[in-house]
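Trainee: If it helps, the file is called data-v2.cif and holds mmCIF, C-alpha atoms:
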```cif
data_model
#
loop_
_atom_site.label_atom_id
_atom_site.label_comp_id
_atom_site.auth_asym_id
_atom_site.auth_seq_id
_atom_site.Cartn_x
_atom_site.Cartn_y
_atom_site.Cartn_z
CA MET L 51 10.90 -3.04 9.32
CA GLY L 52 9.19 0.25 8.49
CA PRO L 53 5.75 1.24 9.86
CA ALA L 54 4.04 0.48 6.56
CA THR L 55 5.52 -3.01 6.36
CA LYS L 56 4.59 -3.68 9.98
CA GLY L 57 1.04 -2.71 9.16
CA ILE L 58 0.93 -5.12 6.24
CA VAL L 59 2.28 -7.98 8.33
CA ALA L 60 -0.21 -7.29 11.11
CA GLY L 61 -3.06 -7.09 8.64
CA LEU L 62 -2.04 -10.36 7.04
CA ALA L 63 -1.93 -12.27 10.31
CA ALA L 64 -5.59 -13.25 10.42
CA SER L 65 -5.88 -14.28 6.78
CA LEU L 66 -2.46 -15.81 6.15
CA LEU L 67 -1.72 -17.55 9.40
CA ALA L 68 -1.96 -21.28 8.79
CA GLY L 69 -2.10 -22.01 12.48
CA THR L 70 0.22 -22.57 15.37
CA ALA L 71 1.13 -25.95 16.82
CA LEU L 72 -1.97 -27.79 17.99
CA ALA L 73 -2.59 -27.97 21.72
CA GLU L 74 -3.17 -31.74 21.70
CA PRO L 75 -0.40 -34.22 20.79
CA GLN L 76 -0.19 -35.47 17.21
CA VAL L 77 0.64 -39.08 16.43
CA ILE L 78 2.05 -39.87 12.99
CA HIS L 79 1.94 -43.41 11.61
CA ALA L 80 4.77 -43.77 9.07
CA GLY L 81 4.89 -46.69 6.65
CA ARG L 82 8.63 -46.25 6.15
CA LEU L 83 10.76 -43.81 8.10
CA ILE L 84 14.01 -42.14 7.10
CA ALA L 85 14.64 -40.68 10.53
CA VAL L 86 18.35 -40.01 10.04
CA PRO L 87 19.37 -39.85 6.37
CA GLY L 88 22.35 -42.12 5.75
CA GLU L 89 21.27 -44.61 8.41
CA ASP L 90 19.06 -47.66 7.87
CA VAL L 91 15.52 -46.96 6.79
CA ARG L 92 13.03 -47.97 9.45
CA GLY L 93 9.81 -49.84 8.78
CA PRO L 94 6.40 -48.93 10.21
CA SER L 95 7.00 -46.36 12.94
CA THR L 96 5.12 -43.99 15.22
CA ILE L 97 6.19 -40.38 15.76
CA THR L 98 4.61 -38.33 18.53
CA VAL L 99 4.64 -34.55 18.29
CA ASP L 100 3.69 -32.18 21.09
CA ASP L 101 3.95 -28.40 21.19
CA GLY L 102 5.85 -28.36 17.90
CA ARG L 103 8.50 -30.85 19.10
CA ILE L 104 9.18 -34.52 18.45
CA VAL L 105 8.69 -36.26 21.78
CA SER L 106 9.02 -39.90 20.73
CA VAL L 107 9.94 -42.10 17.76
CA VAL L 108 9.17 -45.80 18.21
CA ASP L 109 8.92 -48.88 15.99
CA GLY L 110 5.54 -50.14 14.89
CA LEU L 111 2.19 -48.42 14.44
CA GLN L 112 1.27 -47.68 18.03
CA PRO L 113 -2.27 -46.58 19.00
CA ALA L 114 -2.82 -42.89 19.55
CA PRO L 115 -3.63 -41.98 23.17
CA ALA L 116 -6.93 -40.38 24.05
CA GLY L 117 -7.06 -36.75 22.99
CA ALA L 118 -4.30 -37.07 20.41
CA THR L 119 -4.71 -36.43 16.68
CA LEU L 120 -3.78 -39.40 14.49
CA ILE L 121 -2.13 -38.65 11.15
CA ASP L 122 -2.11 -41.77 8.98
CA LEU L 123 0.91 -41.92 6.67
CA SER L 124 1.17 -45.70 6.87
CA ASP L 125 1.44 -45.98 3.08
CA LYS L 126 4.05 -43.21 2.77
CA THR L 127 7.76 -42.71 3.24
CA VAL L 128 8.29 -40.15 6.02
CA LEU L 129 11.46 -38.09 6.27
CA PRO L 130 12.81 -34.84 7.75
CA GLY L 131 11.69 -31.52 6.31
CA LEU L 132 13.98 -30.50 3.47
CA ILE L 133 16.37 -27.54 3.61
CA ASP L 134 17.29 -25.22 0.73
CA SER L 135 20.52 -23.39 1.52
CA HIS L 136 20.27 -20.82 -1.27
CA VAL L 137 17.06 -18.99 -2.17
CA HIS L 138 15.96 -15.43 -2.91
CA LEU L 139 12.38 -15.29 -1.67
CA ALA L 140 11.67 -11.67 -2.53
CA SER L 141 12.36 -12.15 -6.23
CA ASP L 142 10.80 -14.09 -9.11
CA THR L 143 12.50 -12.45 -12.06
CA THR L 144 15.96 -12.04 -13.55
CA GLY L 145 17.63 -10.09 -16.30
CA ASN L 146 16.00 -6.92 -17.55
CA ALA L 147 12.64 -7.94 -16.07
CA GLY L 148 14.26 -8.11 -12.65
CA LEU L 149 15.89 -4.73 -13.14
CA ILE L 150 12.55 -3.12 -13.99
CA GLU L 151 10.93 -4.83 -11.00
CA ASP L 152 13.57 -3.35 -8.69
CA MET L 153 12.80 0.11 -10.03
CA VAL L 154 9.01 0.06 -9.95
CA ARG L 155 8.05 -2.12 -6.96
CA SER L 156 7.86 -0.89 -3.39
CA ASP L 157 9.56 -2.53 -0.42
CA ASN L 158 6.13 -3.51 0.88
CA TRP L 159 5.40 -5.32 -2.39
CA PHE L 160 8.65 -7.27 -2.06
CA THR L 161 7.66 -8.31 1.46
CA LEU L 162 4.35 -9.67 0.19
CA ASN L 163 6.12 -11.38 -2.70
CA ALA L 164 8.55 -13.00 -0.27
CA TYR L 165 5.60 -14.35 1.72
CA VAL L 166 3.98 -15.84 -1.39
CA ASN L 167 7.26 -17.42 -2.50
CA GLY L 168 7.90 -18.68 1.00
CA MET L 169 4.60 -20.54 0.96
CA LYS L 170 5.37 -22.03 -2.46
CA THR L 171 8.66 -23.24 -1.03
CA LEU L 172 7.07 -24.62 2.12
CA ARG L 173 4.41 -26.48 0.15
CA ALA L 174 7.23 -28.03 -1.89
CA GLY L 175 8.49 -29.66 1.31
CA PHE L 176 11.26 -27.23 2.21
CA THR L 177 10.62 -26.31 5.81
CA THR L 178 13.83 -24.29 6.23
CA VAL L 179 15.65 -21.99 3.81
CA ARG L 180 18.72 -19.79 3.84
CA ASN L 181 17.82 -16.58 2.03
CA MET L 182 20.91 -15.34 0.21
CA GLY L 183 20.03 -11.70 0.08
CA ASP L 184 17.64 -9.13 -1.29
CA GLY L 185 17.98 -5.42 -1.89
CA THR L 186 15.23 -4.22 0.42
CA GLY L 187 15.43 -6.17 3.66
CA SER L 188 11.95 -7.53 2.99
CA THR L 189 12.89 -11.12 3.73
CA GLU L 190 14.23 -10.14 7.14
CA ALA L 191 10.74 -8.81 7.92
CA LEU L 192 9.19 -12.09 6.79
CA SER L 193 11.77 -14.11 8.76
CA THR L 194 10.84 -12.24 11.94
CA ALA L 195 7.10 -12.61 11.29
CA VAL L 196 7.46 -16.37 10.75
CA ALA L 197 9.61 -16.78 13.87
CA ASP L 198 7.07 -14.79 15.91
CA GLY L 199 4.19 -16.93 14.62
CA LEU L 200 2.44 -14.05 12.86
CA VAL L 201 2.39 -15.82 9.49
CA MET L 202 3.15 -19.27 8.15
CA GLY L 203 6.28 -19.90 6.15
CA PRO L 204 9.53 -21.81 6.14
CA ARG L 205 12.09 -21.14 8.86
CA ILE L 206 14.37 -18.48 7.33
CA VAL L 207 18.07 -17.91 7.92
CA ASP L 208 18.55 -14.52 6.27
CA ALA L 209 21.66 -12.92 4.78
CA GLY L 210 20.22 -9.41 4.62
CA LYS L 211 21.73 -7.47 1.72
CA PRO L 212 24.62 -9.29 0.03
CA ILE L 213 27.89 -7.36 0.09
CA SER L 214 29.72 -6.39 -3.09
CA THR L 215 32.41 -4.01 -4.19
CA THR L 216 31.57 -1.16 -6.55
CA ALA L 217 31.14 -2.75 -10.01
CA GLY L 218 30.96 -6.15 -8.34
CA HIS L 219 28.32 -8.76 -9.06
CA MET L 220 25.76 -7.46 -6.56
CA ASP L 221 26.25 -3.76 -7.18
CA GLY L 222 22.72 -2.90 -8.31
CA ALA L 223 23.92 0.02 -10.43
CA VAL L 224 26.54 -1.88 -12.43
CA GLY L 225 26.13 -1.42 -16.16
CA LEU L 226 23.59 1.41 -15.81
CA LYS L 227 23.90 5.10 -16.60
CA PRO L 228 25.80 7.01 -13.87
CA ASP L 229 22.63 9.02 -13.23
CA PHE L 230 21.07 5.91 -11.67
CA ARG L 231 23.87 5.19 -9.20
CA PRO L 232 22.62 7.44 -6.34
CA MET L 233 19.26 5.65 -6.44
CA MET L 234 20.65 2.12 -6.76
CA ASP L 235 23.31 2.75 -4.12
CA ALA L 236 20.54 3.22 -1.59
CA ALA L 237 20.85 -0.49 -0.77
CA GLY L 238 24.11 0.38 1.00
CA ASN L 239 25.63 -3.01 0.22
CA THR L 240 28.76 -1.97 -1.68
CA CYS L 241 32.15 -1.41 -0.12
CA ASP L 242 35.60 -0.48 -1.36
CA GLY L 243 38.72 -1.08 0.69
CA ALA L 244 39.10 -3.09 3.89
CA ASP L 245 37.77 -0.44 6.26
CA ASP L 246 34.68 0.16 4.17
CA CYS L 247 34.03 -3.58 3.92
CA ARG L 248 34.18 -3.86 7.69
CA ARG L 249 31.52 -1.15 7.83
CA ALA L 250 29.35 -3.03 5.33
CA VAL L 251 29.40 -6.17 7.47
CA ARG L 252 28.55 -4.26 10.63
CA GLU L 253 25.65 -2.60 8.84
CA GLN L 254 24.19 -5.97 7.86
CA VAL L 255 24.65 -7.31 11.40
CA ALA L 256 22.93 -4.22 12.82
CA ASN L 257 20.04 -4.76 10.41
CA GLY L 258 19.51 -8.31 11.66
CA ALA L 259 21.38 -10.51 9.17
CA ASP L 260 21.81 -14.09 10.39
CA VAL L 261 24.60 -14.88 7.95
CA ILE L 262 26.92 -12.71 5.86
CA LYS L 263 27.05 -13.21 2.10
CA PHE L 264 29.43 -11.47 -0.28
CA ALA L 265 30.40 -11.69 -3.94
CA ILE L 266 34.09 -12.35 -4.48
CA THR L 267 33.79 -12.83 -8.28
CA GLY L 268 31.65 -11.68 -11.15
CA GLY L 269 28.28 -13.25 -11.85
CA VAL L 270 26.28 -14.53 -14.80
CA ASN L 271 23.65 -11.79 -14.52
CA SER L 272 26.11 -8.93 -13.96
CA ARG L 273 25.50 -6.27 -16.61
CA ILE L 274 29.19 -5.63 -17.18
CA GLY L 275 31.78 -7.26 -19.42
CA ALA L 276 34.20 -8.06 -16.62
CA GLY L 277 34.09 -11.85 -16.70
CA LEU L 278 33.63 -14.29 -13.84
CA GLY L 279 36.99 -14.09 -12.11
CA ALA L 280 37.88 -12.44 -8.81
CA GLN L 281 36.64 -8.85 -8.48
CA MET L 282 37.59 -8.24 -4.84
CA HIS L 283 41.02 -7.80 -3.29
CA MET L 284 42.10 -10.22 -0.60
CA ASP L 285 42.30 -7.51 2.04
CA GLU L 286 38.64 -6.61 1.35
CA ALA L 287 37.51 -10.24 1.49
CA ARG L 288 39.54 -10.87 4.63
CA ALA L 289 38.01 -7.81 6.31
CA ILE L 290 34.51 -9.13 5.56
CA VAL L 291 35.21 -12.60 6.94
CA GLU L 292 37.08 -11.42 10.04
CA THR L 293 34.39 -8.87 10.89
CA ALA L 294 31.63 -11.45 10.43
CA ARG L 295 33.47 -13.76 12.83
CA LEU L 296 33.59 -11.00 15.45
CA TYR L 297 29.79 -11.18 15.52
CA ASP L 298 29.69 -15.00 15.36
CA LYS L 299 28.20 -14.97 11.87
CA LYS L 300 28.71 -17.65 9.26
CA VAL L 301 29.91 -16.55 5.85
CA ALA L 302 28.68 -17.58 2.38
CA VAL L 303 30.59 -16.55 -0.73
CA HIS L 304 29.32 -16.14 -4.28
CA ALA L 305 32.15 -17.37 -6.52
CA HIS L 306 32.29 -18.58 -10.10
CA GLY L 307 35.98 -18.27 -10.95
CA ALA L 308 38.51 -20.67 -9.43
CA ASP L 309 40.70 -17.75 -8.32
CA GLY L 310 37.90 -16.30 -6.18
CA ALA L 311 36.96 -19.70 -4.76
CA LEU L 312 40.59 -20.28 -3.74
CA MET L 313 40.61 -16.94 -1.93
CA ALA L 314 37.44 -17.92 -0.10
CA LEU L 315 38.91 -21.27 0.95
CA GLU L 316 42.04 -19.57 2.27
CA LEU L 317 39.79 -17.43 4.46
CA GLY L 318 37.91 -20.46 5.80
CA VAL L 319 34.40 -19.43 4.76
CA ASP L 320 31.47 -21.70 5.55
CA SER L 321 30.14 -22.18 2.03
CA ILE L 322 30.90 -21.32 -1.57
CA GLU L 323 27.93 -20.90 -3.87
CA HIS L 324 27.95 -21.84 -7.59
CA ALA L 325 31.73 -22.45 -8.11
CA THR L 326 31.37 -23.18 -11.80
CA ILE L 327 35.03 -22.94 -12.84
CA MET L 328 37.38 -25.59 -11.46
CA SER L 329 41.13 -26.05 -11.37
CA ASP L 330 43.24 -28.91 -10.07
CA GLU L 331 44.53 -26.67 -7.29
CA LEU L 332 41.01 -25.67 -6.29
CA ILE L 333 39.80 -29.28 -6.12
CA ARG L 334 42.81 -30.35 -4.01
CA THR L 335 42.48 -27.38 -1.66
CA TRP L 336 38.73 -27.78 -1.26
CA ALA L 337 39.07 -31.49 -0.47
CA ARG L 338 41.23 -30.57 2.54
CA SER L 339 38.80 -27.94 3.86
CA ASP L 340 35.55 -27.96 5.84
CA THR L 341 33.87 -25.51 3.47
CA TYR L 342 30.59 -26.64 1.94
CA TYR L 343 29.82 -26.48 -1.76
CA VAL L 344 26.30 -25.28 -2.63
CA PRO L 345 25.87 -26.19 -6.33
CA THR L 346 22.68 -24.26 -7.35
CA LEU L 347 22.33 -26.34 -10.50
CA MET L 348 18.65 -25.50 -10.95
CA THR L 349 19.52 -22.05 -12.31
CA VAL L 350 20.12 -23.77 -15.65
CA ASN L 351 16.32 -24.12 -16.00
CA SER L 352 16.04 -20.34 -16.04
CA TYR L 353 18.85 -19.92 -18.54
CA VAL L 354 17.40 -22.48 -20.94
CA THR L 355 14.04 -20.68 -20.75
CA ARG L 356 15.67 -17.30 -21.40
CA VAL L 357 17.53 -18.65 -24.43
CA ALA L 358 14.29 -20.10 -25.80
CA ALA L 359 12.60 -16.71 -25.38
CA GLY L 360 15.47 -14.96 -27.13
CA LEU L 361 18.39 -13.03 -25.64
CA GLU L 362 18.20 -10.01 -27.94
CA ASN L 363 17.32 -7.63 -25.11
CA GLU L 364 20.00 -8.88 -22.73
CA ALA L 365 23.32 -7.12 -22.34
CA PRO L 366 25.78 -8.90 -24.68
CA SER L 367 27.99 -9.94 -21.77
CA VAL L 368 25.02 -11.48 -19.95
CA ALA L 369 23.81 -13.35 -23.04
CA GLU L 370 27.27 -14.82 -23.55
CA LYS L 371 27.56 -15.93 -19.92
CA ILE L 372 24.10 -17.52 -20.00
CA GLN L 373 25.09 -19.68 -22.96
CA TRP L 374 28.31 -20.64 -21.18
CA ARG L 375 26.52 -21.45 -17.90
CA ILE L 376 24.16 -23.85 -19.65
CA GLN L 377 27.08 -25.83 -21.02
CA ILE L 378 29.12 -25.99 -17.81
CA THR L 379 26.36 -26.64 -15.25
CA GLY L 380 27.06 -29.75 -13.21
CA LYS L 381 30.71 -30.19 -14.15
CA SER L 382 31.96 -28.81 -10.82
CA LEU L 383 29.80 -31.28 -8.92
CA GLN L 384 31.23 -34.08 -11.04
CA ASP L 385 34.72 -33.01 -9.92
CA LEU L 386 34.03 -32.21 -6.27
CA VAL L 387 31.91 -35.23 -5.25
CA PRO L 388 34.66 -37.83 -5.88
CA ALA L 389 37.13 -35.50 -4.16
CA GLY L 390 35.07 -35.77 -0.96
CA VAL L 391 34.00 -32.12 -0.72
CA LYS L 392 31.01 -31.56 1.57
CA ILE L 393 27.83 -30.73 -0.37
CA ALA L 394 24.82 -28.79 0.92
CA PHE L 395 21.59 -28.55 -1.07
CA GLY L 396 20.81 -25.13 -2.58
CA THR L 397 18.90 -24.04 -5.67
CA ASP L 398 19.18 -20.26 -6.15
CA ALA L 399 15.37 -20.23 -6.41
CA GLY L 400 14.39 -16.76 -7.50
CA VAL L 401 16.66 -17.10 -10.51
CA TRP L 402 14.31 -20.01 -11.30
CA ARG L 403 10.74 -20.47 -10.11
CA HIS L 404 10.01 -20.89 -6.41
CA GLY L 405 8.24 -24.10 -5.48
CA GLU L 406 10.17 -26.18 -8.00
CA ASN L 407 13.18 -26.57 -5.68
CA ALA L 408 12.99 -30.38 -5.76
CA ASP L 409 14.25 -30.42 -9.35
CA GLU L 410 17.72 -29.83 -7.87
CA PHE L 411 17.68 -33.46 -6.69
CA ARG L 412 17.42 -34.67 -10.29
CA LEU L 413 20.35 -32.52 -11.38
CA MET L 414 22.47 -33.58 -8.41
CA VAL L 415 21.94 -37.26 -9.20
CA GLU L 416 22.58 -36.73 -12.91
CA ASN L 417 25.93 -35.14 -12.01
CA GLY L 418 27.43 -37.70 -9.69
CA MET L 419 25.51 -37.90 -6.43
CA THR L 420 23.45 -40.83 -5.21
CA PRO L 421 19.85 -40.31 -4.10
CA GLN L 422 21.01 -40.91 -0.53
CA SER L 423 23.88 -38.41 -0.65
CA ALA L 424 21.56 -35.84 -2.24
CA LEU L 425 19.08 -36.32 0.63
CA ILE L 426 21.91 -35.98 3.17
CA ALA L 427 22.87 -32.72 1.43
CA ALA L 428 19.30 -31.44 1.89
CA THR L 429 19.01 -32.48 5.54
CA LEU L 430 22.05 -33.27 7.70
CA ASN L 431 24.58 -31.23 5.71
CA ALA L 432 22.34 -28.24 5.15
CA ALA L 433 21.39 -28.21 8.84
CA ASP L 434 25.08 -28.23 9.76
CA LEU L 435 25.86 -25.44 7.31
CA LEU L 436 23.08 -23.29 8.77
CA GLY L 437 24.21 -24.02 12.33
CA LEU L 438 20.89 -25.71 13.11
CA SER L 439 21.85 -29.37 13.57
CA ASP L 440 20.35 -29.41 17.06
CA GLU L 441 17.01 -28.23 15.67
CA ILE L 442 16.42 -29.72 12.21
CA GLY L 443 17.73 -32.23 9.65
CA THR L 444 16.58 -35.46 11.34
CA ILE L 445 13.50 -36.89 12.98
CA GLU L 446 14.73 -37.35 16.53
CA VAL L 447 13.41 -36.66 20.01
CA GLY L 448 13.71 -33.03 21.02
CA LYS L 449 13.95 -31.61 17.52
CA SER L 450 11.53 -29.34 15.74
CA ALA L 451 8.65 -31.27 14.17
CA ASP L 452 9.61 -30.53 10.57
CA ILE L 453 8.37 -33.63 8.79
CA VAL L 454 7.39 -34.48 5.21
CA ALA L 455 6.11 -37.56 3.42
CA VAL L 456 6.22 -38.85 -0.15
CA ASN L 457 4.92 -41.79 -2.14
CA GLY L 458 7.48 -44.38 -3.16
CA ASP L 459 11.15 -44.59 -2.28
CA PRO L 460 13.19 -41.36 -2.54
CA LEU L 461 16.39 -43.39 -2.18
CA ARG L 462 15.64 -44.95 -5.55
CA ASP L 463 13.65 -42.28 -7.36
CA VAL L 464 14.23 -38.62 -6.50
CA SER L 465 11.32 -37.51 -8.67
CA VAL L 466 8.99 -38.40 -5.76
CA TYR L 467 10.07 -35.16 -4.03
CA LYS L 468 8.13 -33.23 -6.67
CA ASP L 469 4.82 -34.55 -5.33
CA MET L 470 4.81 -33.95 -1.58
CA GLN L 471 2.03 -35.84 0.17
CA PHE L 472 2.35 -34.29 3.64
CA ILE L 473 4.20 -31.36 5.17
CA MET L 474 4.52 -30.40 8.81
CA ALA L 475 6.48 -27.31 9.83
CA ARG L 476 7.27 -26.78 13.51
CA GLY L 477 4.34 -28.98 14.47
CA THR L 478 1.80 -27.37 12.14
CA VAL L 479 0.33 -29.33 9.26
CA VAL L 480 0.69 -27.26 6.07
CA GLU L 481 -2.40 -27.31 3.89
#
```
Go ahead and express the file in the form of structure tokens.

Mentor:
Amino acid sequence: MGPATKGIVAGLAASLLAGTALAEPQVIHAGRLIAVPGEDVRGPSTITVDDGRIVSVVDGLQPAPAGATLIDLSDKTVLPGLIDSHVHLASDTTGNAGLIEDMVRSDNWFTLNAYVNGMKTLRAGFTTVRNMGDGTGSTEALSTAVADGLVMGPRIVDAGKPISTTAGHMDGAVGLKPDFRPMMDAAGNTCDGADDCRRAVREQVANGADVIKFAITGGVNSRIGAGLGAQMHMDEARAIVETARLYDKKVAVHAHGADGALMALELGVDSIEHATIMSDELIRTWARSDTYYVPTLMTVNSYVTRVAAGLENEAPSVAEKIQWRIQITGKSLQDLVPAGVKIAFGTDAGVWRHGENADEFRLMVENGMTPQSALIAATLNAADLLGLSDEIGTIEVGKSADIVAVNGDPLRDVSVYKDMQFIMARGTVVE
């Protein structure tokens, strides 16, 4: 974090800080309690929170002790804070608008934007996110500020700058005039050849990345007519994964084409994002693996909006891929759910609007998941993927007090997630 960014964060502390955990215990009366998604729903229950931790969960609406704050959710369904495994907090825009934003906005602006988007996400009930990369390192600054209690926001597991090969999906200069490459290469996230890819991983680790993300195939928004198949050699991908493991980092892989996803599975990565093109071999191989699938179906909302606005100003290859992505969205989930592949909730928010993350539940259910399995994906599975199962994902004694509440029954109607009635993050009630 540069001096200017540090100054902004410090200056924001007084006005943006929503508060730290209250000194006195908090007692929550829950009308219905989904303490552990997948297990039986409990009836009226009492949750006691102290110093940001859950200290007891008992049946019935027990009286609050003297000095405790009572939070009455006796007409609500209470459940663990939700987890989005794929967001881009620093960004709101895509396509040419996103390109212009990258060129005209400062790193400090992106840090502020990440804060604003983080609060939108938190107020939508997502108390933890995995940020899948930005070009400036701004989200790492926000992640540290949230962890240190300087500002309010969701807990952030940050991927730093996503790694790509030259002309790969996350090469910021791809498709632009060569004159722009020196400027766009300043992100330092491209690598070519195994040795260079090892360097790229070490650079992200040194900069504070919690998880390593890399693009093994092309992408929908890549401004180059190179398709969506593999665009990285196996020795490069292997070097990234093996180096990440040296530093005990989990690995997430952007992959659309089946060939790239198969490479990622062979390397034993922790999650594959998007995976829009299936093959029988890919489905069989994935079903035998422990790798999570993060569907990011909500991106289709952005693509439909961009089509409605007209694609005349998009690169022809991007416009074609957008039309294709609209038609194929959800088909991979339809194939992978019955195969028994593990699913973790993730939206790619940033490609679509932050704060509307809950719409992913609708798309997951429409494409083969039950409301219960979708909730498990956004709690237990996502916590496991992030390596935070001991901290989040359930309402149990000893865990972080990340708690939300909704009207109605989310195991029957997932639309209730769009109207959060109560949010607590690490023991702090979010206003």

Trainee: Which of these, L:Leu438, L:Val354, L:Leu129, L:Val291, has the shortest distance to Glu89 in chain L once you count all atoms listed in the file?

Mentor: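 Checking each candidate against Glu89 in chain L, we get L:Leu129 as the closest.
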
Trainee: I need the residue nearest Ile97 in chain L from this list: L:Val137, L:Val447, L:Val466, L:Ala399. Use all atoms listed in the file for the distance.

Mentor: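 Checking each candidate against Ile97 in chain L, we get L:Val447 as the closest.
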
Trainee: List as a list in words the protein and nucleic acid residues near range 109-112 of chain L, meaning an atom at most 9 Å away when only C-alpha atoms are counted, but skip any in the same chain fewer than 4 places from it.

Mentor: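 Contacts, with the query itself left out: Val77, Ile78, His79, Ala80, Gly81, Arg92, Gly93, Pro94, Ser95, Thr96, Ile97 and Ser124 of chain L.
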
Trainee: Would you work out the distance separating CA of Leu120 in chain L from CA of Glu74 in chain L, expressed in Å to one decimal?

Mentor: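 Calculated distance between CA of Leu120 in chain L and CA of Glu74 in chain L is 10.5 Å.
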
Trainee: Would you list the contacts of Leu192 in chain L as a list in words, taking every protein, DNA or RNA residue within 7 Å and counting only C-alpha atoms, but skipping same-chain residues closer than 4 positions in sequence?

Mentor: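 My reading of the contact set: Thr161, Tyr165, Ser188 and Val196 of chain L.
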
Trainee: Do you know which residues are at most 8 Å from range 184-186 of chain L counting all atoms listed in the file, after dropping those on the same chain fewer than 6 positions away, and could you put them as a list in words?

Mentor: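 The contact residues come out as His138, Ala140, Ser141, Asp157, Phe160, Gly210, Lys211, Pro212 and Ala237 of chain L.
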
Trainee: Go through L:Asp198, L:Glu331, L:Asp469, L:Asp229 one by one, measure the shortest atom-to-atom distance of each to Gly405 in chain L using only C-alpha atoms, and give the residue with the smallest value.

Mentor: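 Smallest distance to Gly405 in chain L is found for L:Asp469.
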
Trainee: Between CA of Ile262 in chain L and CA of Arg180 in chain L, measure the distance and give it in Å to one decimal.

Mentor: 11.0 Å

Trainee: Report, in Å to a single decimal, how far apart CA of Gly307 in chain L and CA of Gly269 in chain L are.

Mentor: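 Between CA of Gly269 in chain L and CA of Gly307 in chain L the gap is 9.2 Å.
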
Trainee: Please expand the PyMOL selection byres ((chain L and resi 340-344) around 8) into the concrete residues it hits in this file, giving the result as an mmCIF file with C-alpha atoms, in the frame of the given file.

Mentor:
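That gives us expr32.cif:
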```cif
data_model
loop_
_atom_site.group_PDB
_atom_site.id
_atom_site.type_symbol
_atom_site.label_atom_id
_atom_site.label_comp_id
_atom_site.auth_asym_id
_atom_site.auth_seq_id
_atom_site.Cartn_x
_atom_site.Cartn_y
_atom_site.Cartn_z
ATOM 1 C CA SER L 135 20.520 -23.390 1.520
ATOM 2 C CA HIS L 136 20.270 -20.820 -1.270
ATOM 3 C CA LEU L 315 38.910 -21.270 0.950
ATOM 4 C CA GLY L 318 37.910 -20.460 5.800
ATOM 5 C CA VAL L 319 34.400 -19.430 4.760
ATOM 6 C CA ASP L 320 31.470 -21.700 5.550
ATOM 7 C CA SER L 321 30.140 -22.180 2.030
ATOM 8 C CA ILE L 322 30.900 -21.320 -1.570
ATOM 9 C CA GLU L 323 27.930 -20.900 -3.870
ATOM 10 C CA HIS L 324 27.950 -21.840 -7.590
ATOM 11 C CA ALA L 325 31.730 -22.450 -8.110
ATOM 12 C CA TRP L 336 38.730 -27.780 -1.260
ATOM 13 C CA ARG L 338 41.230 -30.570 2.540
ATOM 14 C CA SER L 339 38.800 -27.940 3.860
ATOM 15 C CA PRO L 345 25.870 -26.190 -6.330
ATOM 16 C CA THR L 346 22.680 -24.260 -7.350
ATOM 17 C CA VAL L 391 34.000 -32.120 -0.720
ATOM 18 C CA LYS L 392 31.010 -31.560 1.570
ATOM 19 C CA ILE L 393 27.830 -30.730 -0.370
ATOM 20 C CA ALA L 394 24.820 -28.790 0.920
ATOM 21 C CA PHE L 395 21.590 -28.550 -1.070
ATOM 22 C CA GLY L 396 20.810 -25.130 -2.580
ATOM 23 C CA LEU L 435 25.860 -25.440 7.310
#
```
